[in-house]
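Have a look at work.cif below; it lists mmCIF, C-alpha atoms and all ligand atoms.
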data_data
#
loop_
_atom_site.label_atom_id
_atom_site.label_comp_id
_atom_site.auth_asym_id
_atom_site.auth_seq_id
_atom_site.Cartn_x
_atom_site.Cartn_y
_atom_site.Cartn_z
CA MET A 1 47.23 -55.39 -12.27
CA SER A 2 43.91 -53.59 -11.87
CA THR A 3 42.86 -50.99 -14.39
CA PRO A 4 41.95 -47.50 -13.12
CA ASN A 5 38.34 -48.37 -13.73
CA GLN A 6 38.49 -51.40 -11.42
CA THR A 7 40.24 -49.33 -8.76
CA ASP A 8 37.34 -46.85 -8.86
CA ARG A 9 34.99 -49.70 -8.12
CA GLN A 10 36.94 -51.04 -5.15
CA HIS A 11 34.48 -49.64 -2.63
CA PRO A 12 31.17 -49.60 -4.46
CA PRO A 13 28.01 -49.10 -2.48
CA LEU A 14 26.84 -52.54 -1.41
CA PRO A 15 23.78 -53.40 0.69
CA PRO A 16 24.62 -54.38 4.28
CA GLY A 17 26.25 -57.78 4.77
CA GLN A 18 27.01 -58.31 1.06
CA GLN A 19 30.38 -58.97 -0.58
CA LEU A 20 31.48 -58.81 -4.21
CA VAL A 21 32.19 -61.89 -6.32
CA ALA A 22 35.38 -61.86 -8.37
CA VAL A 23 35.18 -59.91 -11.63
CA GLY A 24 33.61 -62.09 -14.34
CA LYS A 25 32.21 -64.68 -11.88
CA TRP A 26 28.53 -65.48 -11.64
CA PRO A 27 27.63 -68.21 -9.09
CA LEU A 28 24.99 -70.79 -9.99
CA ILE A 29 22.36 -71.01 -7.27
CA GLY A 30 19.44 -73.39 -6.84
CA GLU A 31 18.21 -75.48 -9.72
CA ARG A 32 20.69 -76.17 -12.50
CA GLN A 33 18.43 -76.80 -15.50
CA PRO A 34 14.83 -76.51 -16.61
CA ALA A 35 12.47 -79.48 -16.67
CA SER A 36 11.83 -80.91 -20.12
CA GLY A 37 8.80 -79.78 -22.09
CA ASN A 38 7.67 -76.33 -23.15
CA GLN A 39 9.32 -76.54 -26.59
CA PRO A 40 9.23 -74.30 -28.51
CA TRP A 41 9.38 -71.98 -25.50
CA GLN A 42 6.15 -70.26 -24.62
CA LEU A 43 5.31 -67.79 -21.86
CA THR A 44 1.75 -67.95 -20.56
CA VAL A 45 0.07 -65.07 -18.73
CA SER A 46 -3.00 -65.97 -16.70
CA GLY A 47 -5.38 -63.72 -14.83
CA SER A 48 -6.33 -61.28 -17.55
CA ASP A 49 -9.75 -60.97 -19.16
CA GLU A 50 -8.36 -62.89 -22.11
CA THR A 51 -7.90 -65.95 -19.77
CA ASN A 52 -4.57 -67.46 -20.83
CA VAL A 53 -2.40 -65.46 -23.20
CA HIS A 54 0.60 -67.14 -24.78
CA PHE A 55 3.75 -65.44 -26.02
CA SER A 56 6.32 -67.24 -28.15
CA LEU A 57 9.91 -66.00 -27.95
CA PRO A 58 9.65 -64.29 -31.38
CA ALA A 59 6.43 -62.60 -30.19
CA LEU A 60 8.25 -61.28 -27.10
CA HIS A 61 11.04 -59.94 -29.32
CA LYS A 62 8.45 -57.97 -31.31
CA LEU A 63 7.26 -56.10 -28.20
CA LYS A 64 9.05 -52.98 -26.94
CA GLN A 65 12.55 -53.99 -25.75
CA THR A 66 14.18 -52.48 -22.67
CA SER A 67 17.75 -52.86 -21.35
CA LEU A 68 18.39 -52.44 -17.64
CA ASN A 69 21.71 -52.34 -15.88
CA MET A 70 21.26 -53.89 -12.47
CA ASP A 71 23.23 -55.20 -9.50
CA ILE A 72 22.60 -58.78 -8.40
CA HIS A 73 22.37 -59.32 -4.64
CA CYS A 74 21.93 -62.91 -3.49
CA VAL A 75 20.50 -63.58 -0.05
CA THR A 76 23.57 -65.78 0.64
CA ARG A 77 25.64 -62.57 0.70
CA TRP A 78 27.31 -62.43 -2.70
CA SER A 79 26.75 -59.52 -5.05
CA LYS A 80 27.60 -59.04 -8.71
CA LEU A 81 27.46 -55.49 -9.95
CA SER A 82 26.38 -54.00 -13.24
CA VAL A 83 24.79 -56.77 -15.28
CA GLU A 84 22.78 -55.70 -18.31
CA PHE A 85 19.54 -57.57 -18.96
CA THR A 86 17.40 -57.00 -22.04
CA GLY A 87 13.79 -58.00 -22.58
CA VAL A 88 10.24 -56.79 -22.06
CA LEU A 89 9.21 -54.80 -18.99
CA LEU A 90 6.42 -56.51 -17.04
CA GLU A 91 4.60 -53.18 -17.26
CA ASP A 92 4.75 -53.18 -21.06
CA LEU A 93 3.72 -56.82 -21.27
CA ILE A 94 0.72 -56.29 -19.05
CA ARG A 95 -0.30 -53.05 -20.69
CA SER A 96 -1.31 -55.04 -23.78
CA LEU A 97 -3.80 -57.04 -21.68
CA THR A 98 -6.89 -56.26 -19.63
CA VAL A 99 -6.03 -57.29 -16.09
CA ARG A 100 -8.99 -58.71 -14.21
CA GLU A 101 -10.53 -56.77 -11.37
CA GLY A 102 -9.09 -57.35 -7.89
CA ILE A 103 -5.70 -58.57 -9.10
CA GLU A 104 -3.04 -57.52 -6.60
CA PHE A 105 -0.21 -60.05 -6.88
CA VAL A 106 1.97 -61.58 -9.54
CA SER A 107 3.58 -65.03 -9.35
CA PHE A 108 6.45 -66.02 -11.65
CA VAL A 109 6.56 -69.77 -12.28
CA ALA A 110 9.46 -71.79 -13.67
CA GLN A 111 9.52 -74.71 -16.09
CA SER A 112 11.20 -76.86 -13.45
CA THR A 113 10.63 -80.16 -11.71
CA ARG A 114 9.44 -78.45 -8.53
CA ASN A 115 7.48 -75.73 -10.36
CA HIS A 116 9.74 -73.20 -8.66
CA SER A 117 8.07 -69.82 -8.23
CA THR A 118 8.26 -66.47 -6.51
CA SER A 119 5.73 -63.68 -6.09
CA LEU A 120 5.42 -59.94 -5.53
CA PRO A 121 2.63 -57.41 -5.16
CA LEU A 122 1.88 -56.44 -8.77
CA LEU A 123 2.39 -52.70 -8.25
CA GLU A 124 5.69 -53.36 -6.47
CA ALA A 125 6.86 -55.59 -9.33
CA ILE A 126 6.06 -52.84 -11.82
CA LYS A 127 7.64 -50.12 -9.68
CA GLN A 128 10.83 -52.22 -9.39
CA LYS A 129 11.00 -52.40 -13.21
CA THR A 130 10.65 -56.18 -13.36
CA LEU A 131 11.97 -57.31 -16.72
CA ILE A 132 11.15 -60.49 -18.65
CA ALA A 133 14.70 -61.03 -19.88
CA HIS A 134 16.03 -63.12 -22.76
CA THR A 135 19.42 -61.45 -23.11
CA CYS A 136 22.25 -60.79 -20.68
CA ASP A 137 25.20 -58.52 -21.45
CA GLY A 138 24.31 -58.70 -25.13
CA GLN A 139 24.21 -62.53 -25.31
CA PRO A 140 21.24 -64.90 -25.19
CA LEU A 141 20.73 -65.79 -21.52
CA ALA A 142 22.70 -68.98 -20.74
CA PRO A 143 20.51 -72.02 -19.92
CA GLU A 144 22.05 -72.50 -16.45
CA HIS A 145 21.21 -68.86 -15.62
CA GLY A 146 17.61 -69.22 -16.74
CA GLY A 147 17.73 -69.12 -20.54
CA PRO A 148 15.79 -68.78 -22.68
CA LEU A 149 13.71 -66.61 -20.34
CA ARG A 150 13.77 -65.41 -16.75
CA ASN A 151 12.26 -62.51 -14.88
CA VAL A 152 14.67 -60.16 -13.14
CA VAL A 153 13.68 -57.76 -10.37
CA PRO A 154 16.22 -55.00 -9.74
CA GLY A 155 16.16 -53.87 -6.11
CA LYS A 156 15.24 -57.28 -4.62
CA TYR A 157 17.31 -60.24 -3.49
CA PHE A 158 17.90 -62.47 -6.49
CA TYR A 159 15.49 -65.19 -5.35
CA LYS A 160 12.74 -62.94 -6.72
CA SER A 161 14.19 -63.60 -10.20
CA VAL A 162 12.97 -66.96 -11.51
CA LYS A 163 14.95 -68.96 -14.06
CA TRP A 164 13.17 -70.65 -17.04
CA LEU A 165 10.06 -68.51 -16.74
CA LYS A 166 7.06 -70.33 -18.17
CA SER A 167 4.14 -68.48 -16.67
CA ILE A 168 3.16 -65.21 -15.09
CA ASP A 169 0.06 -65.66 -12.95
CA LEU A 170 -1.89 -62.56 -11.98
CA LEU A 171 -3.56 -63.29 -8.65
CA ARG A 172 -6.05 -61.81 -6.19
CA GLU A 173 -4.27 -63.39 -3.21
CA ASP A 174 -0.54 -63.87 -2.74
CA ARG A 175 0.96 -67.32 -3.41
CA LEU A 176 4.18 -67.74 -1.44
CA GLY A 177 7.19 -68.68 -3.56
CA PHE A 178 9.35 -71.81 -3.29
CA TRP A 179 12.23 -70.42 -1.21
CA GLU A 180 9.93 -68.16 0.76
CA ALA A 181 7.88 -71.19 1.86
CA GLU A 182 10.69 -73.74 2.02
CA SER A 183 13.49 -71.71 3.57
CA GLY A 184 11.71 -68.86 5.27
CA TYR A 185 13.20 -66.26 2.94
CA HIS A 186 11.57 -62.90 3.51
CA ASN A 187 8.69 -62.20 1.16
CA ALA A 188 9.64 -58.53 0.75
CA ALA A 189 13.34 -59.23 -0.03
CA ASP A 190 14.74 -55.69 0.08
CA PRO A 191 18.55 -56.05 0.31
CA TRP A 192 19.00 -52.48 1.59
CA LEU A 193 16.76 -53.33 4.57
CA GLU A 194 18.41 -56.77 4.88
CA GLN A 195 15.07 -58.53 4.61
CA ARG A 196 16.62 -62.00 4.33
CA TYR A 197 14.41 -64.14 6.59
CA MET A 198 10.94 -64.13 8.06
CA ALA A 199 10.56 -64.25 11.85
CA PRO A 200 11.65 -67.51 13.55
CA THR A 201 9.20 -70.39 13.52
CA LEU A 202 10.67 -72.26 16.47
CA ASP A 203 9.25 -71.75 19.97
CA ARG A 204 11.71 -71.10 22.78
CA ARG A 205 10.90 -74.14 24.88
CA THR A 206 11.53 -76.58 22.02
CA ALA A 207 14.77 -74.79 21.21
CA ALA A 208 15.93 -75.02 24.83
CA ARG A 209 15.16 -78.76 24.98
CA LEU A 210 17.05 -79.54 21.76
CA ILE A 211 20.03 -77.52 22.95
CA ALA A 212 20.04 -79.40 26.28
CA ASP A 213 19.88 -82.77 24.45
CA ARG A 214 22.59 -81.73 21.97
CA ASN A 215 20.69 -83.55 19.28
CA PHE A 216 19.59 -81.57 16.22
CA VAL A 217 19.60 -84.51 13.78
CA GLY A 218 17.17 -83.95 10.92
CA HIS A 219 15.38 -81.08 12.73
CA ASP A 220 14.22 -77.84 11.20
CA LEU A 221 15.94 -75.29 13.43
CA ARG A 222 16.10 -72.30 11.14
CA ARG A 223 17.23 -69.21 13.02
CA ILE A 224 17.74 -71.02 16.35
CA ASP A 225 19.70 -68.92 18.82
CA ALA A 226 22.42 -71.19 20.23
CA SER A 227 25.05 -68.51 20.69
CA GLY A 228 27.55 -68.75 23.53
CA ARG A 229 26.52 -72.32 24.39
CA ASP A 230 28.52 -75.43 25.17
CA LEU A 231 27.44 -77.73 22.37
CA SER A 232 30.51 -79.91 22.09
CA ASN A 233 29.73 -83.29 20.48
CA LEU A 234 26.47 -81.88 19.09
CA MET A 235 24.78 -84.22 16.62
CA ALA A 236 23.33 -82.15 13.80
CA GLN A 237 23.59 -84.32 10.69
CA GLY A 238 21.19 -83.17 8.01
CA ALA A 239 19.64 -80.46 10.22
CA SER A 240 18.19 -77.29 8.72
CA LEU A 241 20.16 -74.55 10.44
CA ARG A 242 19.78 -71.66 8.03
CA ASN A 243 20.53 -68.38 9.76
CA ALA A 244 21.17 -70.18 13.07
CA ASN A 245 23.24 -68.29 15.61
CA PHE A 246 26.26 -70.17 17.01
CA ASN A 247 28.44 -67.14 17.65
CA GLU A 248 31.09 -67.93 20.28
CA SER A 249 29.63 -71.39 20.91
CA ASN A 250 31.71 -74.42 21.75
CA LEU A 251 31.07 -76.82 18.87
CA GLN A 252 34.10 -79.02 19.34
CA ASP A 253 33.61 -82.47 17.73
CA ALA A 254 30.11 -81.47 16.54
CA ASP A 255 28.81 -83.29 13.47
CA PHE A 256 27.14 -80.99 10.92
CA SER A 257 27.49 -83.39 7.98
CA ARG A 258 25.05 -82.49 5.16
CA ALA A 259 23.36 -79.88 7.38
CA ASN A 260 22.09 -76.71 5.77
CA MET A 261 23.90 -73.90 7.59
CA SER A 262 23.53 -71.19 4.97
CA ASN A 263 23.75 -67.69 6.44
CA SER A 264 24.50 -69.16 9.87
CA HIS A 265 26.54 -67.21 12.39
CA LEU A 266 29.67 -69.03 13.54
CA ARG A 267 31.75 -66.03 14.49
CA LYS A 268 34.44 -67.01 17.01
CA ALA A 269 32.89 -70.49 17.35
CA ASN A 270 35.09 -73.33 18.49
CA LEU A 271 34.79 -75.82 15.62
CA GLN A 272 37.83 -77.91 16.45
CA PHE A 273 37.43 -81.41 14.95
CA ALA A 274 33.90 -80.54 13.81
CA LYS A 275 32.55 -82.42 10.78
CA LEU A 276 31.35 -79.99 8.12
CA ILE A 277 31.23 -82.62 5.38
CA GLY A 278 28.88 -81.79 2.54
CA THR A 279 27.56 -78.91 4.66
CA ASP A 280 25.93 -75.91 3.02
CA LEU A 281 27.82 -72.93 4.49
CA GLU A 282 26.77 -70.41 1.83
CA GLY A 283 26.77 -66.92 3.28
CA ALA A 284 27.85 -68.22 6.71
CA ASN A 285 30.10 -66.07 8.90
CA LEU A 286 33.06 -68.05 10.32
CA ALA A 287 35.29 -65.08 11.14
CA GLY A 288 37.57 -65.99 14.01
CA ALA A 289 36.25 -69.56 14.20
CA ASP A 290 38.70 -72.23 15.31
CA LEU A 291 38.83 -74.81 12.52
CA ARG A 292 41.81 -76.85 13.63
CA GLY A 293 41.08 -80.52 13.01
CA ALA A 294 37.78 -79.64 11.29
CA ASP A 295 36.77 -81.37 8.06
CA LEU A 296 35.13 -79.20 5.36
CA THR A 297 35.22 -81.75 2.54
CA ASP A 298 32.50 -81.03 -0.08
CA SER A 299 31.08 -78.09 1.86
CA SER A 300 29.64 -75.24 -0.18
CA LEU A 301 31.28 -71.88 0.49
CA ILE A 302 29.62 -69.44 -1.91
CA GLY A 303 29.52 -66.09 -0.12
CA SER A 304 30.96 -67.47 3.16
CA SER A 305 33.37 -65.38 5.17
CA PHE A 306 36.24 -66.52 7.31
CA CYS A 307 37.92 -63.20 7.98
CA GLU A 308 36.98 -59.64 8.89
CA PHE A 309 39.00 -56.72 7.60
CA ASP A 310 39.53 -53.22 8.96
CA GLY A 311 39.09 -50.04 6.90
CA GLN A 312 42.62 -50.43 5.52
CA GLY A 313 41.90 -53.95 4.29
CA ARG A 314 44.00 -55.58 7.04
CA ALA A 315 42.79 -58.95 8.32
CA VAL A 316 41.65 -58.39 11.91
CA LEU A 317 39.65 -61.50 12.78
CA GLY A 318 40.56 -64.60 10.79
CA ALA A 319 39.47 -68.20 11.20
CA ARG A 320 42.13 -70.44 12.67
CA ILE A 321 43.27 -73.21 10.35
CA ASP A 322 46.38 -75.35 10.19
CA SER A 323 47.60 -78.58 8.63
CA THR A 324 45.02 -80.56 10.62
CA THR A 325 42.15 -78.71 8.90
CA THR A 326 40.73 -80.62 5.93
CA LEU A 327 39.95 -77.95 3.36
CA PRO A 328 40.34 -79.10 -0.25
CA ARG A 329 41.54 -76.17 -2.35
CA GLN A 330 38.74 -76.49 -4.91
CA ILE A 331 36.05 -75.69 -2.33
CA LEU A 332 37.72 -72.27 -1.84
CA GLU A 333 37.04 -71.45 -5.50
CA PRO A 334 33.66 -69.66 -4.98
CA LEU A 335 34.96 -67.44 -2.15
CA THR A 336 35.27 -63.73 -2.83
CA PRO A 337 38.84 -62.65 -3.70
CA ASP A 338 39.70 -61.12 -0.29
CA GLN A 339 38.44 -64.20 1.53
CA ARG A 340 40.39 -66.54 -0.72
CA GLU A 341 43.54 -64.48 -0.30
CA TYR A 342 43.20 -64.79 3.45
CA PHE A 343 43.24 -68.59 3.14
CA LEU A 344 46.06 -68.73 0.66
CA ALA A 345 48.15 -66.63 3.07
CA GLN A 346 47.45 -69.20 5.81
CA PHE A 347 48.61 -72.08 3.61
CA ASP A 348 51.93 -70.41 2.75
N1 LIG A 401 13.77 -71.95 -11.39
C1 LIG A 401 14.54 -71.47 -10.40
N2 LIG A 401 14.75 -70.14 -10.32
C2 LIG A 401 15.54 -69.63 -9.33
C3 LIG A 401 16.11 -70.47 -8.34
C4 LIG A 401 15.86 -71.86 -8.43
O1 LIG A 401 16.31 -72.68 -7.62
N3 LIG A 401 15.07 -72.32 -9.48
N4 LIG A 401 16.88 -69.94 -7.32
C5 LIG A 401 16.78 -68.49 -7.08
C6 LIG A 401 17.91 -67.97 -6.31
S1 LIG A 401 17.91 -68.24 -4.63
C7 LIG A 401 18.89 -67.20 -6.88
S2 LIG A 401 20.10 -66.47 -5.95
C8 LIG A 401 18.95 -67.03 -8.33
C9 LIG A 401 20.27 -67.55 -8.85
O2 LIG A 401 20.39 -67.33 -10.20
P1 LIG A 401 21.73 -67.79 -10.93
O3 LIG A 401 21.86 -69.28 -10.74
O4 LIG A 401 21.55 -67.38 -12.35
O5 LIG A 401 22.87 -67.05 -10.24
O6 LIG A 401 17.91 -67.69 -9.03
C10 LIG A 401 16.67 -67.70 -8.37
N5 LIG A 401 15.72 -68.29 -9.28
MO MO A 402 19.65 -66.85 -3.71
#

Please lay out the structure from this file as structure tokens.
Amino acid sequence: MSTPNQTDRQHPPLPPGQQLVAVGKWPLIGERQPASGNQPWQLTVSGSDETNVHFSLPALHKLKQTSLNMDIHCVTRWSKLSVEFTGVLLEDLIRSLTVREGIEFVSFVAQSTRNHSTSLPLLEAIKQKTLIAHTCDGQPLAPEHGGPLRNVVPGKYFYKSVKWLKSIDLLREDRLGFWEAESGYHNAADPWLEQRYMAPTLDRRTAARLIADRNFVGHDLRRIDASGRDLSNLMAQGASLRNANFNESNLQDADFSRANMSNSHLRKANLQFAKLIGTDLEGANLAGADLRGADLTDSSLIGSSFCEFDGQGRAVLGARIDSTTTLPRQILEPLTPDQREYFLAQFD
């Protein structure tokens, strides 16, 4: 079925821990739509000698246009290669202004209910060829992907690319972005160095006490190391467990309903009869996990993996599922093709 061209791209260079989405797929991550207001669309740049400078969309189209072909790498482990964005380079936009003295950072702010933002050192943003993009693969950028305007930063995890860009603030001091503050995403965000998360925030004594009590309900336990533990019957409803390590743990009958377990490590975990209802498992590793009797209704599986493959593409460590596993077919939809195939083979 695959064309020679697709075959060539079967083993493209990917940053560590990333996997390819199916051809033509582009997952929707984070906010789904802009907040109302800002019509007609206007981009405001603050921090130059001119105070606030406004650019309408037609004005942006009159500046020098640049097209960049870039690879998208999301921190939740999915990658989409070779997407062409067109717009104005941050460098070209800023060149027309007189940047105030002492400016070292740039913050990109969204027209969104939570004023979503992300930031970078200004020189880094310019070096990375940050583009203020209005067009994607020759079409106006779709609203759900940030249209009419988003910044894109090739060479950084995609959370550095803000949808519905309404202002670019030039700053003397850094202003931590939404995900960086909220989820502990790494502020440098280099996918080739796997800079996904900042250092853990939890002290060891607190972690040990919570593990002993087997009660994580509602706690912020990002990055907790609970690997190799007996945590059967653990209560963890609604807990923040991003990047938590449960490798080879006994999690039988644990309740992770509505917990955020994105990028968590559940390799070879015993999840028999665990509740993973409405759980965010984006980017989580469940290779070799035992999911018999587990319930994954409404869980989010973008970028999750359930199977490891050897160099020949043979499944070597697959999650264990059977007819007692509740796994509605539609939640498998966002899995990468090799992961989905693994499941479909189990169902046969
Ligand atoms: N306004 C806004 N921009 C955002 C986000 C968001 O939640 N709100 N999420 C970020 C993250 S984590 C990613 S991976 C990308 C997702 O872009 P996409 O939905 O077009 O794939 O947008 C980034 N920019
Ligand atoms: Mo992301």

Return as a compact mmCIF listing (two decimals) with C-alpha atoms, keeping the file's coordinate frame every polymer residue, whether protein, DNA or RNA, with at least one atom no more than 10 Å from an atom of ligand MO 402 (chain A); count only C-alpha atoms and all ligand atoms.
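And here is the file that came out, pocket_0.txt:
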# COMPACT_ATOMS: atom_id res chain seq x y z
CA PRO A 27 27.63 -68.21 -9.09
CA LEU A 28 24.99 -70.79 -9.99
CA ILE A 29 22.36 -71.01 -7.27
CA GLY A 30 19.44 -73.39 -6.84
CA ILE A 72 22.60 -58.78 -8.40
CA HIS A 73 22.37 -59.32 -4.64
CA CYS A 74 21.93 -62.91 -3.49
CA VAL A 75 20.50 -63.58 -0.05
CA THR A 76 23.57 -65.78 0.64
CA ARG A 77 25.64 -62.57 0.70
CA TRP A 78 27.31 -62.43 -2.70
CA TYR A 157 17.31 -60.24 -3.49
CA PHE A 158 17.90 -62.47 -6.49
CA TYR A 159 15.49 -65.19 -5.35
CA LYS A 160 12.74 -62.94 -6.72
CA SER A 161 14.19 -63.60 -10.20
CA TRP A 179 12.23 -70.42 -1.21
CA TYR A 185 13.20 -66.26 2.94
CA ARG A 196 16.62 -62.00 4.33
CA GLU A 282 26.77 -70.41 1.83
CA GLY A 283 26.77 -66.92 3.28

With a distance cut-off of 9 Å and all atoms listed in the file, select the neighbouring residues of Ser264 in chain A, excluding the residue or stretch itself and same-chain residues fewer than 2 positions from it, and output the selection as a list in words.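 The neighbour list is Arg223, Leu241, Arg242, Asn243, Ala244, Asn245, Phe246, Asn247, Asn260, Met261, Ser262, Leu266, Leu281, Glu282, Gly283, Ala284, Asn285 and Leu286 of chain A.
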
Check the smallest atom-to-atom distance from each of A:Leu123, A:Ile302, A:Met198, A:Val99 to Asn263 in chain A using all atoms listed in the file, then report the winner.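 That would be A:Ile302, the residue with the smallest distance to Asn263 in chain A.
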
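With only C-alpha atoms and all ligand atoms as the atoms that count, the minimum distance from ligand LIG 401 (chain A) to the choices A:Glu104, A:Glu341, A:Glu180, A:Glu194 is reached by A:Glu180.
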
Can you pull out every residue within 7 Å of Ile331 in chain A, counting only C-alpha atoms, but drop anything in the same chain fewer than 5 positions away, and send it as a ChimeraX atom specification? /A:298-301

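Between CA of His186 in chain A and CA of Gln19 in chain A the separation is 19.6 Å.
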
Can you pull out every residue within 12 Å of Asp71 in chain A, counting only C-alpha atoms, but drop anything in the same chain fewer than 3 positions away, and send it as a ChimeraX atom specification? /A:12-15,18,20-21,26,68,74,78-85,152-158,191

Next, dump the selected residues to file, keeping only C-alpha atoms, as a PDB file, keeping the file's coordinate frame.
ATOM      1  CA  PRO A  12      31.170 -49.600  -4.460  1.00  0.00           C
ATOM      2  CA  PRO A  13      28.010 -49.100  -2.480  1.00  0.00           C
ATOM      3  CA  LEU A  14      26.840 -52.540  -1.410  1.00  0.00           C
ATOM      4  CA  PRO A  15      23.780 -53.400   0.690  1.00  0.00           C
ATOM      5  CA  GLN A  18      27.010 -58.310   1.060  1.00  0.00           C
ATOM      6  CA  LEU A  20      31.480 -58.810  -4.210  1.00  0.00           C
ATOM      7  CA  VAL A  21      32.190 -61.890  -6.320  1.00  0.00           C
ATOM      8  CA  TRP A  26      28.530 -65.480 -11.640  1.00  0.00           C
ATOM      9  CA  LEU A  68      18.390 -52.440 -17.640  1.00  0.00           C
ATOM     10  CA  CYS A  74      21.930 -62.910  -3.490  1.00  0.00           C
ATOM     11  CA  TRP A  78      27.310 -62.430  -2.700  1.00  0.00           C
ATOM     12  CA  SER A  79      26.750 -59.520  -5.050  1.00  0.00           C
ATOM     13  CA  LYS A  80      27.600 -59.040  -8.710  1.00  0.00           C
ATOM     14  CA  LEU A  81      27.460 -55.490  -9.950  1.00  0.00           C
ATOM     15  CA  SER A  82      26.380 -54.000 -13.240  1.00  0.00           C
ATOM     16  CA  VAL A  83      24.790 -56.770 -15.280  1.00  0.00           C
ATOM     17  CA  GLU A  84      22.780 -55.700 -18.310  1.00  0.00           C
ATOM     18  CA  PHE A  85      19.540 -57.570 -18.960  1.00  0.00           C
ATOM     19  CA  VAL A 152      14.670 -60.160 -13.140  1.00  0.00           C
ATOM     20  CA  VAL A 153      13.680 -57.760 -10.370  1.00  0.00           C
ATOM     21  CA  PRO A 154      16.220 -55.000  -9.740  1.00  0.00           C
ATOM     22  CA  GLY A 155      16.160 -53.870  -6.110  1.00  0.00           C
ATOM     23  CA  LYS A 156      15.240 -57.280  -4.620  1.00  0.00           C
ATOM     24  CA  TYR A 157      17.310 -60.240  -3.490  1.00  0.00           C
ATOM     25  CA  PHE A 158      17.900 -62.470  -6.490  1.00  0.00           C
ATOM     26  CA  PRO A 191      18.550 -56.050   0.310  1.00  0.00           C
TER      27      PRO A 191
END

What does the structure give for the distance between CA of His145 in chain A and CA of Leu122 in chain A, in Å to one decimal?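 Here the two named atoms are 24.0 Å from each other.
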
From A:Gly138, A:Pro143, A:Pro34, A:Ala189, residue lying nearest Ala125 in chain A [only C-alpha atoms]: A:Ala189

Quick one: 5 Å padding each side, axis-aligned, all listed atoms of ligand LIG 401 (chain A) - centre and edge lengths in Å to one decimal, as lines of an AutoDock Vina configuration file?
center_x = 18.3
center_y = -69.6
center_z = -8.5
size_x = 19.1
size_y = 16.2
size_z = 17.7

Interatomic distance (Å, one decimal) between CA of Ile321 in chain A and CA of Phe273 in chain A: 11.1 Å

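Candidate residues A:Val162, A:Cys136, A:Leu97, A:Ala207 were compared for distance to Thr118 in chain A, and the nearest is A:Val162, using only C-alpha atoms.
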
Could you pull out every residue with an atom within 10 Å of (4.3, -58.8, -26.9), file coordinates, counting only C-alpha atoms, and send them as a list in words? His54, Phe55, Ser56, Leu57, Pro58, Ala59, Leu60, His61, Lys62, Leu63, Lys64, Gln65, Val88, Asp92, Leu93, Ile94, Arg95, Ser96 and Leu97 of chain A

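The residues that lie within 9 Å of the point (14.1, -76.9, 11.7), counting all atoms listed in the file, are Thr201, Leu202, Phe216, Gly218, His219, Asp220, Leu221, Arg222, Arg223, Ile224, Ala239, Ser240, Leu241 and Arg242 of chain A.
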
Pull C-alpha atoms from the residues just selected and write them as a compact mmCIF listing (two decimals), in the coordinates of the input.
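File produced: again11.txt:
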# COMPACT_ATOMS: atom_id res chain seq x y z
CA THR A 201 9.20 -70.39 13.52
CA LEU A 202 10.67 -72.26 16.47
CA PHE A 216 19.59 -81.57 16.22
CA GLY A 218 17.17 -83.95 10.92
CA HIS A 219 15.38 -81.08 12.73
CA ASP A 220 14.22 -77.84 11.20
CA LEU A 221 15.94 -75.29 13.43
CA ARG A 222 16.10 -72.30 11.14
CA ARG A 223 17.23 -69.21 13.02
CA ILE A 224 17.74 -71.02 16.35
CA ALA A 239 19.64 -80.46 10.22
CA SER A 240 18.19 -77.29 8.72
CA LEU A 241 20.16 -74.55 10.44
CA ARG A 242 19.78 -71.66 8.03

What lies within 8 Å of Asp290 in chain A using all atoms listed in the file, ignoring chain neighbours under 5 positions off, as a VMD selection string? chain A and resid 268 to 272 319 to 321

Hey, what's within 12 Å of Asn115 in chain A if we count all atoms listed in the file and toss same-chain stuff fewer than 2 positions away? As number ranges by chain, please? A: 31, 34-36, 107-113, 117-118, 162-167, 177-179
